[in-house]
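Shown next: entry-v5.cif, containing mmCIF, C-alpha atoms.
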data_work
loop_
_atom_site.label_atom_id
_atom_site.label_comp_id
_atom_site.auth_asym_id
_atom_site.auth_seq_id
_atom_site.Cartn_x
_atom_site.Cartn_y
_atom_site.Cartn_z
CA MET X 15 3.66 -20.74 8.00
CA ARG X 16 6.58 -18.46 7.24
CA GLU X 17 4.57 -16.77 4.50
CA ALA X 18 1.69 -16.13 6.94
CA VAL X 19 4.04 -14.49 9.46
CA LEU X 20 5.62 -12.35 6.74
CA LEU X 21 2.21 -11.32 5.37
CA PHE X 22 1.09 -10.43 8.90
CA LEU X 23 4.14 -8.18 9.24
CA VAL X 24 3.47 -6.61 5.84
CA VAL X 25 -0.13 -5.78 6.81
CA VAL X 26 0.23 -4.74 10.46
CA SER X 27 3.55 -2.94 10.25
CA GLY X 28 2.62 -1.34 6.93
CA THR X 29 -0.71 -0.03 8.19
CA GLY X 30 0.80 1.09 11.51
CA GLY X 31 3.45 2.97 9.57
CA GLU X 32 0.89 4.64 7.33
CA ILE X 33 -1.12 5.75 10.33
CA CYS X 34 1.99 7.37 11.84
CA VAL X 35 2.81 9.07 8.51
CA THR X 36 -0.77 10.36 8.29
CA ARG X 37 -0.45 11.82 11.79
CA ALA X 38 2.73 13.61 10.75
CA MET X 39 1.32 14.90 7.44
CA LYS X 40 -1.87 16.20 9.04
CA ARG X 41 0.38 18.18 11.40
CA VAL X 42 2.35 19.55 8.44
CA GLY X 43 -0.93 20.81 6.97
CA GLU X 44 -2.60 20.69 3.56
CA VAL X 45 -0.19 20.88 0.63
CA THR X 46 -1.22 23.62 -1.81
CA ASP X 47 2.05 24.35 -3.64
CA PHE X 48 3.32 21.61 -5.97
CA ARG X 49 6.49 23.22 -7.30
CA PRO X 50 9.43 20.83 -6.70
CA LEU X 51 11.16 23.08 -4.15
CA ALA X 52 7.96 23.52 -2.18
CA VAL X 53 7.37 19.76 -2.20
CA ILE X 54 10.92 19.15 -0.96
CA ARG X 55 10.32 21.72 1.78
CA VAL X 56 7.15 19.87 2.84
CA ILE X 57 9.08 16.58 2.97
CA LEU X 58 11.85 18.17 5.06
CA ARG X 59 9.28 19.65 7.44
CA ALA X 60 7.63 16.23 7.80
CA MET X 61 11.05 14.69 8.54
CA GLU X 62 11.31 16.84 11.68
CA LEU X 63 8.37 15.03 13.26
CA PRO X 64 8.96 11.87 15.35
CA TRP X 65 5.73 10.34 14.01
CA MET X 66 7.24 10.47 10.53
CA TRP X 67 10.30 8.47 11.64
CA ILE X 68 8.28 5.90 13.56
CA GLY X 69 6.08 5.56 10.49
CA ILE X 70 9.01 5.19 8.12
CA SER X 71 10.65 2.55 10.35
CA MET X 72 7.47 0.49 10.44
CA MET X 73 7.03 0.84 6.69
CA ALA X 74 10.64 -0.27 6.17
CA LEU X 75 9.97 -3.41 8.21
CA ALA X 76 6.85 -4.01 6.13
CA PHE X 77 8.89 -3.47 2.95
CA PHE X 78 11.56 -6.04 3.78
CA SER X 79 8.87 -8.50 4.84
CA LEU X 80 7.24 -7.87 1.46
CA LEU X 81 10.52 -8.59 -0.33
CA ALA X 82 10.90 -11.83 1.62
CA VAL X 83 7.37 -13.02 0.90
CA LEU X 84 7.68 -12.06 -2.79
CA SER X 85 10.60 -14.46 -3.05
CA ILE X 86 8.27 -17.29 -1.95
CA GLU X 87 4.92 -16.36 -3.48
CA ASN X 88 3.52 -14.81 -6.67
CA VAL X 89 2.84 -11.07 -6.85
CA SER X 90 -0.75 -11.79 -7.89
CA PHE X 91 -1.25 -13.65 -4.59
CA VAL X 92 0.77 -11.44 -2.21
CA VAL X 93 -0.55 -8.04 -3.21
CA PRO X 94 -4.29 -8.91 -3.12
CA VAL X 95 -3.80 -10.48 0.33
CA THR X 96 -2.21 -7.26 1.56
CA ALA X 97 -5.65 -5.72 0.87
CA LEU X 98 -6.21 -6.72 4.50
CA ASN X 99 -4.65 -3.30 5.00
CA TYR X 100 -8.17 -1.93 4.44
CA ALA X 101 -9.48 -3.73 7.50
CA ALA X 102 -6.45 -2.68 9.54
CA GLY X 103 -6.69 0.83 8.07
CA ALA X 104 -10.35 1.30 8.96
CA LEU X 105 -9.67 0.10 12.53
CA GLY X 106 -6.56 2.25 12.83
CA GLY X 107 -8.22 5.31 11.27
CA LYS X 108 -11.05 5.01 13.76
CA PHE X 109 -9.10 4.28 16.92
CA PHE X 110 -5.82 6.16 16.38
CA LEU X 111 -6.76 9.09 14.15
CA GLY X 112 -10.35 9.70 15.30
CA GLU X 113 -11.72 9.37 11.76
CA ARG X 114 -15.40 8.54 11.42
CA VAL X 115 -15.81 5.24 9.59
CA THR X 116 -19.30 4.97 8.07
CA PRO X 117 -21.33 1.72 7.96
CA ARG X 118 -20.86 1.76 4.18
CA ARG X 119 -17.10 1.75 4.64
CA TRP X 120 -17.32 -1.09 7.14
CA ALA X 121 -19.41 -3.05 4.63
CA GLY X 122 -16.73 -2.48 2.01
CA VAL X 123 -14.04 -3.65 4.41
CA LEU X 124 -16.05 -6.82 5.09
CA ILE X 125 -16.35 -7.53 1.34
CA VAL X 126 -12.59 -6.98 0.96
CA CYS X 127 -12.00 -9.55 3.71
CA ILE X 128 -14.25 -12.08 1.92
CA GLY X 129 -12.29 -11.43 -1.27
CA VAL X 130 -8.97 -12.01 0.50
CA THR X 131 -10.31 -15.30 1.86
CA LEU X 132 -11.28 -16.40 -1.68
CA VAL X 133 -7.85 -15.44 -3.02
CA TRP X 134 -6.22 -17.46 -0.24
CA LEU X 135 -8.43 -20.49 -0.94
CA GLY X 136 -7.94 -20.11 -4.70
CA LYS X 137 -4.19 -20.45 -4.30
CA ARG X 138 -4.42 -24.07 -3.13
CA MET G 29 -12.34 18.96 3.28
CA THR G 30 -14.01 21.56 1.07
CA SER G 31 -15.67 20.24 -2.07
CA SER G 32 -13.95 22.67 -4.46
CA PRO G 33 -13.38 21.29 -8.01
CA GLY G 34 -9.68 22.16 -7.69
CA LEU G 35 -9.21 19.96 -4.66
CA HIS G 36 -11.05 17.07 -6.32
CA PHE G 37 -8.92 17.40 -9.48
CA LYS G 38 -5.76 17.47 -7.37
CA THR G 39 -6.97 14.39 -5.48
CA TYR G 40 -7.72 12.43 -8.66
CA CYS G 41 -4.33 13.29 -10.20
CA MET G 42 -2.55 11.98 -7.11
CA LEU G 43 -4.73 8.85 -7.06
CA LEU G 44 -3.84 8.18 -10.72
CA ILE G 45 -0.11 8.41 -9.96
CA MET G 46 -0.60 6.05 -7.01
CA VAL G 47 -2.60 3.52 -9.06
CA VAL G 48 0.05 3.36 -11.81
CA PHE G 49 3.25 3.34 -9.78
CA ALA G 50 2.33 1.11 -6.82
CA PRO G 51 1.46 -1.96 -8.98
CA LEU G 52 4.42 -1.37 -11.26
CA GLY G 53 6.72 -1.21 -8.23
CA ASN G 54 5.32 -4.41 -6.72
CA VAL G 55 5.59 -6.34 -9.97
CA LEU G 56 9.20 -5.22 -10.49
CA LEU G 57 10.03 -6.23 -6.89
CA GLY G 58 8.38 -9.60 -7.45
CA ARG G 59 10.41 -10.14 -10.59
CA GLY G 60 13.64 -9.12 -8.84
CA MET G 61 13.02 -11.30 -5.77
CA LYS G 62 12.29 -14.39 -7.87
CA ASN G 63 15.86 -14.08 -9.14
CA VAL G 64 17.24 -13.69 -5.60
CA GLY G 65 15.73 -16.96 -4.40
CA SER G 66 13.19 -18.31 -1.94
CA ALA G 67 12.97 -16.95 1.61
CA VAL G 68 12.15 -20.49 2.78
CA SER G 69 15.88 -21.19 2.84
CA TRP G 70 16.97 -17.86 4.36
CA ALA G 71 19.26 -18.71 7.28
CA PRO G 72 20.33 -15.65 9.32
CA ALA G 73 23.95 -16.24 8.34
CA LYS G 74 22.99 -15.97 4.67
CA LEU G 75 21.18 -12.62 5.06
CA PRO G 76 24.17 -10.37 4.15
CA HIS G 77 24.69 -12.35 0.95
CA ILE G 78 20.96 -12.15 0.13
CA LEU G 79 20.98 -8.42 0.85
CA SER G 80 23.87 -7.96 -1.57
CA LEU G 81 21.91 -9.86 -4.25
CA VAL G 82 18.87 -7.66 -3.55
CA LEU G 83 20.94 -4.47 -3.83
CA ALA G 84 22.55 -5.65 -7.08
CA SER G 85 19.21 -6.27 -8.79
CA GLY G 86 18.15 -3.68 -11.38
CA TYR G 87 14.52 -4.80 -11.10
CA ILE G 88 14.55 -4.12 -7.36
CA TRP G 89 15.92 -0.60 -7.87
CA LEU G 90 13.34 0.15 -10.58
CA GLY G 91 10.65 -1.20 -8.27
CA VAL G 92 11.91 0.95 -5.40
CA ALA G 93 11.92 4.03 -7.68
CA SER G 94 8.30 3.31 -8.69
CA LEU G 95 7.27 2.82 -5.08
CA LEU G 96 9.02 6.06 -4.06
CA THR G 97 7.06 7.94 -6.74
CA PHE G 98 3.92 6.35 -5.32
CA PHE G 99 4.96 7.25 -1.79
CA VAL G 100 5.52 10.96 -2.53
CA ALA G 101 2.07 11.20 -4.17
CA TYR G 102 0.67 9.34 -1.17
CA MET G 103 2.29 11.68 1.37
CA LEU G 104 0.97 14.72 -0.50
CA ILE G 105 -2.59 13.43 -0.72
CA LEU G 106 -2.61 12.49 2.98
CA SER G 107 -2.07 16.14 3.88
CA TRP G 108 -5.67 16.92 2.86
CA ALA G 109 -7.61 13.65 2.59
CA ASP G 110 -8.43 11.03 5.25
CA PHE G 111 -6.28 7.96 5.56
CA SER G 112 -9.30 5.65 5.50
CA TYR G 113 -10.45 7.35 2.26
CA VAL G 114 -7.13 7.31 0.41
CA GLN G 115 -6.14 3.76 1.21
CA PRO G 116 -9.23 2.04 -0.23
CA ALA G 117 -9.45 4.40 -3.19
CA SER G 118 -5.93 3.47 -4.23
CA SER G 119 -6.67 -0.23 -4.16
CA ILE G 120 -7.80 -0.49 -7.77
CA ALA G 121 -4.06 -1.02 -7.96
CA LEU G 122 -4.72 -4.60 -6.82
CA LEU G 123 -6.46 -5.46 -10.07
CA VAL G 124 -3.61 -3.84 -12.00
CA VAL G 125 -1.12 -5.98 -10.07
CA ALA G 126 -3.03 -9.18 -10.88
CA LEU G 127 -3.20 -8.26 -14.58
CA LEU G 128 0.51 -7.42 -14.68
CA GLY G 129 1.32 -10.63 -12.80
CA TYR G 130 -0.72 -12.66 -15.27
CA PHE G 131 0.36 -11.02 -18.53
CA TYR G 132 3.88 -9.79 -17.74
CA LEU G 133 5.17 -12.34 -15.22
CA GLY G 134 3.11 -15.27 -16.55
CA GLU G 135 1.75 -16.24 -13.12
CA ARG G 136 -0.96 -18.88 -12.98
CA ILE G 137 -4.17 -17.53 -11.42
CA SER G 138 -7.04 -19.94 -10.66
CA PRO G 139 -10.68 -18.96 -11.33
CA LEU G 140 -11.36 -18.73 -7.55
CA HIS G 141 -8.33 -16.48 -7.23
CA TRP G 142 -9.72 -14.15 -9.93
CA VAL G 143 -13.12 -14.15 -8.21
CA GLY G 144 -11.42 -13.18 -4.96
CA ILE G 145 -9.60 -10.30 -6.64
CA VAL G 146 -12.84 -9.05 -8.22
CA VAL G 147 -14.62 -9.31 -4.85
CA ILE G 148 -11.81 -7.26 -3.28
CA CYS G 149 -12.25 -4.60 -5.96
CA LEU G 150 -16.02 -4.66 -5.33
CA GLY G 151 -15.35 -4.09 -1.64
CA VAL G 152 -13.13 -1.18 -2.58
CA PHE G 153 -15.88 0.22 -4.79
CA VAL G 154 -18.30 0.08 -1.86
CA VAL G 155 -15.76 1.84 0.34
CA GLY G 156 -15.22 4.53 -2.32
CA ASN G 157 -17.37 7.62 -2.80
CA THR G 158 -17.38 8.41 0.89
CA PRO G 159 -16.35 11.95 1.90
CA PRO G 160 -12.55 12.40 1.68
CA ARG G 161 -12.37 14.08 5.07
CA THR G 162 -14.33 13.47 8.26
CA THR G 163 -12.07 15.13 10.83
CA GLU G 164 -11.69 18.87 11.43
CA ALA G 165 -8.80 20.66 9.69
CA ARG G 166 -6.22 22.03 12.11
#

Write-out of the structure in structure tokens:
Amino acid sequence: MREAVLLFLVVVSGTGGEICVTRAMKRVGEVTDFRPLAVIRVILRAMELPWMWIGISMMALAFFSLLAVLSIENVSFVVPVTALNYAAGALGGKFFLGERVTPRRWAGVLIVCIGVTLVWLGKR
Amino acid sequence: MTSSPGLHFKTYCMLLIMVVFAPLGNVLLGRGMKNVGSAVSWAPAKLPHILSLVLASGYIWLGVASLLTFFVAYMLILSWADFSYVQPASSIALLVVALLGYFYLGERISPLHWVGIVVICLGVFVVGNTPPRTTEAR
């Protein structure tokens, strides 16, 4: 039960955090200059946006939940199950970021969910 | 997103960095946390002690460094590509994690478990090859 709660936190908080970070980075604009100083400047600019901080906080929660669940379960079980991020990501991309999710992508998400179910069953 | 070769090359380079460093980071974290002990017995009063064990683990720090490398590449790629494109495309990392878990950490993986991992990768393959950007650039 504890592992299920932790995995839920890893998936939901992790995906929520990524959506917030995406919002912030889209506001920063496309990165075209990859020299180290320019990259640092992009990171600093992103740090000025509240979305970035909300995103980082949620990802931190997801990270510590991941650490906790990794102390109970194998990496080869935990990480494939976190592929549920793709389902959460498609939903979040559609409803929070206004991205168009094609039927093909939805089909892929469905297959990922079937795979996660098999991994879960295969553990027992 | 424009379909210039330069942008595609840039995208693939970032994806490669993500696919190498995310699994490596997770496997190192897994190795470090197995030494720290099971979260089943984590009483709130014990958390500071557990945190100190976590912070003292070299594997955890190496894992965090790998994940930070992944995260920087991820942030950069998200400035031009869609979230729902990047996330699935990076998930080939799942197969890499399973292989590292099996060969490096010696984890036991049942046949059904392997089938599930392959099905997940298949799902990712279906999700892939969709346009990197569907929203208007601002």

Residue nearest Leu80 (chain X) among X:Leu135, X:Thr116, X:Val26, X:Arg55 (counting only C-alpha atoms):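 Smallest separation from Leu80 (chain X) among the options: X:Val26.
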
Two-atom distance - CA of Leu51 (chain X), CA of Phe37 (chain G) (Å):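 Result for CA of Leu51 (chain X) versus CA of Phe37 (chain G): 21.5 Å, one decimal.
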
Point-to-point distance in Å for CA of Ala18 (chain X) and CA of Ala102 (chain X):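 Interatomic distance, CA of Ala102 (chain X) to CA of Ala18 (chain X): 15.9 Å.
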
Nearest-residue call for chain G, choices X:Met39, X:Val25, X:Ala52, X:Ala74, using all atoms listed in the file: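 Of the candidates, the smallest distance to chain G is held by X:Met39.
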
Point-to-point distance in Å for CA of Phe77 (chain X) and CA of Ala84 (chain G):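 Taking CA of Ala84 (chain G) and CA of Phe77 (chain X), their separation equals 17.1 Å.
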
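Comparing G:Ser80, G:Ser66, G:Ser94, G:Ser85 by their smallest distance to chain X, the closest is G:Ser66 (using only C-alpha atoms).
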
Reference answer for the PyMOL selection byres ((chain X and resi 133) around 12), as JSON, numbers by chain: {"X": [88, 90, 91, 92, 93, 94, 95, 96, 97, 98, 126, 127, 128, 129, 130, 131, 132, 134, 135, 136, 137, 138], "G": [122, 126, 137, 138, 139, 140, 141, 142, 143, 144, 145, 146, 147, 148]}

Run the PyMOL selection byres ((chain X and resi 101) around 10) on the file and write out the hits as an mmCIF file with C-alpha atoms, keeping the file's coordinate frame.
data_model
loop_
_atom_site.group_PDB
_atom_site.id
_atom_site.type_symbol
_atom_site.label_atom_id
_atom_site.label_comp_id
_atom_site.auth_asym_id
_atom_site.auth_seq_id
_atom_site.Cartn_x
_atom_site.Cartn_y
_atom_site.Cartn_z
ATOM 1 C CA VAL X 25 -0.130 -5.780 6.810
ATOM 2 C CA THR X 29 -0.710 -0.030 8.190
ATOM 3 C CA ALA X 97 -5.650 -5.720 0.870
ATOM 4 C CA LEU X 98 -6.210 -6.720 4.500
ATOM 5 C CA ASN X 99 -4.650 -3.300 5.000
ATOM 6 C CA TYR X 100 -8.170 -1.930 4.440
ATOM 7 C CA ALA X 102 -6.450 -2.680 9.540
ATOM 8 C CA GLY X 103 -6.690 0.830 8.070
ATOM 9 C CA ALA X 104 -10.350 1.300 8.960
ATOM 10 C CA LEU X 105 -9.670 0.100 12.530
ATOM 11 C CA GLY X 106 -6.560 2.250 12.830
ATOM 12 C CA GLY X 107 -8.220 5.310 11.270
ATOM 13 C CA ARG X 119 -17.100 1.750 4.640
ATOM 14 C CA TRP X 120 -17.320 -1.090 7.140
ATOM 15 C CA GLY X 122 -16.730 -2.480 2.010
ATOM 16 C CA VAL X 123 -14.040 -3.650 4.410
ATOM 17 C CA LEU X 124 -16.050 -6.820 5.090
ATOM 18 C CA ILE X 125 -16.350 -7.530 1.340
ATOM 19 C CA VAL X 126 -12.590 -6.980 0.960
ATOM 20 C CA CYS X 127 -12.000 -9.550 3.710
ATOM 21 C CA SER G 112 -9.300 5.650 5.500
ATOM 22 C CA PRO G 116 -9.230 2.040 -0.230
#

Contact residues around Ala121 (chain G) with all atoms listed in the file at 10 Å, ignoring same-chain residues under 5 positions, as a PyMOL selection string: (chain X and resi 93-94) or (chain G and resi 43-44+46-52+116+126-127+149)

Test item: residues at most 7 Å from Met42 (chain G), all atoms listed in the file, excluding those fewer than 4 positions along its chain, as a ChimeraX atom specification: /G:38,46,101,105

Need the axis-aligned box for region 121-133 of chain X with 5 Å each side, so what are the centre and edges in Å to one decimal, as lines of an AutoDock Vina configuration file?
center_x = -13.6
center_y = -9.4
center_z = 1.0
size_x = 21.6
size_y = 23.9
size_z = 18.1

Selected residue, from X:Met61, X:Leu23, X:Met72, X:Ile33, that lies nearest to chain G when counting all atoms listed in the file: X:Ile33

Radius query 9 Å about (9.2, -9.7, -1.8), atoms used: all atoms listed in the file, as a list of chain:residue names: X:Phe77, X:Phe78, X:Ser79, X:Leu80, X:Leu81, X:Ala82, X:Val83, X:Leu84, X:Ser85, X:Ile86, X:Glu87, X:Val89, X:Val92, G:Asn54, G:Leu57, G:Gly58, G:Arg59, G:Gly60, G:Met61, G:Lys62, G:Ala67

Ground truth for the PyMOL selection byres ((chain X and resi 46) around 12), written as a VMD selection string: (chain X and resid 42 to 45 47 to 49 52 to 53 56) or (chain G and resid 34 to 35 38 to 39 104 to 105 107 to 108)

Selected residue, from X:Gly30, X:Arg59, X:Trp67, X:Arg16, that lies nearest to chain G when counting only C-alpha atoms: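 Comparing X:Gly30, X:Arg59, X:Trp67, X:Arg16 against chain G, the winner is X:Arg16.
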
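For the choices X:Val24, X:Leu63, X:Ala38, X:Leu75, the atom-to-atom distance to chain G is smallest for X:Ala38 when using only C-alpha atoms.
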
Because the input lacks atoms here, generate N, CA and C atoms for region 39-72 of chain G and report them as a compact mmCIF listing (two decimals), in the coordinates of the input.
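Ended up saving to part-v2.txt:
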# COMPACT_ATOMS: atom_id res chain seq x y z
N THR G 39 -6.86 15.72 -6.10
CA THR G 39 -6.97 14.39 -5.48
C THR G 39 -6.93 13.29 -6.53
N TYR G 40 -7.68 13.48 -7.63
CA TYR G 40 -7.72 12.43 -8.66
C TYR G 40 -6.38 12.27 -9.36
N CYS G 41 -5.67 13.38 -9.58
CA CYS G 41 -4.33 13.29 -10.20
C CYS G 41 -3.41 12.45 -9.33
N MET G 42 -3.42 12.72 -8.04
CA MET G 42 -2.55 11.98 -7.11
C MET G 42 -2.94 10.51 -7.07
N LEU G 43 -4.26 10.24 -7.09
CA LEU G 43 -4.73 8.85 -7.06
C LEU G 43 -4.26 8.12 -8.31
N LEU G 44 -4.27 8.81 -9.46
CA LEU G 44 -3.84 8.18 -10.72
C LEU G 44 -2.36 7.79 -10.63
N ILE G 45 -1.54 8.71 -10.12
CA ILE G 45 -0.11 8.41 -9.96
C ILE G 45 0.06 7.20 -9.05
N MET G 46 -0.71 7.17 -7.94
CA MET G 46 -0.60 6.05 -7.01
C MET G 46 -0.99 4.73 -7.66
N VAL G 47 -2.07 4.75 -8.47
CA VAL G 47 -2.60 3.52 -9.06
C VAL G 47 -1.67 2.97 -10.14
N VAL G 48 -0.89 3.83 -10.79
CA VAL G 48 0.05 3.36 -11.81
C VAL G 48 1.35 2.86 -11.17
N PHE G 49 1.90 3.64 -10.25
CA PHE G 49 3.25 3.34 -9.78
C PHE G 49 3.31 2.28 -8.68
N ALA G 50 2.28 2.15 -7.87
CA ALA G 50 2.33 1.11 -6.82
C ALA G 50 2.34 -0.30 -7.43
N PRO G 51 1.42 -0.61 -8.38
CA PRO G 51 1.46 -1.96 -8.98
C PRO G 51 2.76 -2.21 -9.74
N LEU G 52 3.19 -1.22 -10.50
CA LEU G 52 4.42 -1.37 -11.26
C LEU G 52 5.58 -1.69 -10.31
N GLY G 53 5.66 -0.97 -9.21
CA GLY G 53 6.72 -1.21 -8.23
C GLY G 53 6.67 -2.62 -7.67
N ASN G 54 5.46 -3.07 -7.30
CA ASN G 54 5.32 -4.41 -6.72
C ASN G 54 5.70 -5.50 -7.71
N VAL G 55 5.29 -5.32 -8.96
CA VAL G 55 5.59 -6.34 -9.97
C VAL G 55 7.10 -6.40 -10.23
N LEU G 56 7.74 -5.24 -10.28
CA LEU G 56 9.20 -5.22 -10.49
C LEU G 56 9.91 -5.87 -9.30
N LEU G 57 9.44 -5.60 -8.08
CA LEU G 57 10.03 -6.23 -6.89
C LEU G 57 9.86 -7.74 -6.96
N GLY G 58 8.65 -8.17 -7.35
CA GLY G 58 8.38 -9.60 -7.45
C GLY G 58 9.33 -10.26 -8.44
N ARG G 59 9.52 -9.62 -9.57
CA ARG G 59 10.41 -10.14 -10.59
C ARG G 59 11.85 -10.22 -10.06
N GLY G 60 12.28 -9.15 -9.39
CA GLY G 60 13.64 -9.12 -8.84
C GLY G 60 13.85 -10.19 -7.77
N MET G 61 12.85 -10.35 -6.89
CA MET G 61 13.02 -11.30 -5.77
C MET G 61 12.98 -12.75 -6.24
N LYS G 62 12.30 -13.02 -7.34
CA LYS G 62 12.29 -14.39 -7.87
C LYS G 62 13.71 -14.78 -8.31
N ASN G 63 14.47 -13.80 -8.76
CA ASN G 63 15.86 -14.08 -9.14
C ASN G 63 16.75 -14.29 -7.92
N VAL G 64 16.41 -13.60 -6.81
CA VAL G 64 17.24 -13.69 -5.60
C VAL G 64 17.12 -15.06 -4.96
N GLY G 65 15.91 -15.63 -4.97
CA GLY G 65 15.73 -16.96 -4.40
C GLY G 65 14.76 -16.97 -3.24
N SER G 66 14.29 -18.16 -2.89
CA SER G 66 13.19 -18.31 -1.94
C SER G 66 13.60 -18.02 -0.49
N ALA G 67 12.73 -17.28 0.20
CA ALA G 67 12.97 -16.95 1.61
C ALA G 67 12.81 -18.16 2.51
N VAL G 68 12.30 -19.28 1.96
CA VAL G 68 12.15 -20.49 2.78
C VAL G 68 13.52 -20.95 3.28
N SER G 69 14.55 -20.71 2.47
CA SER G 69 15.88 -21.19 2.84
C SER G 69 16.77 -20.07 3.40
N TRP G 70 16.16 -18.98 3.87
CA TRP G 70 16.97 -17.86 4.36
C TRP G 70 17.46 -18.11 5.79
N ALA G 71 18.66 -18.61 5.95
CA ALA G 71 19.26 -18.71 7.28
C ALA G 71 19.84 -17.34 7.62
N PRO G 72 19.81 -16.98 8.94
CA PRO G 72 20.33 -15.65 9.32
C PRO G 72 21.74 -15.39 8.80
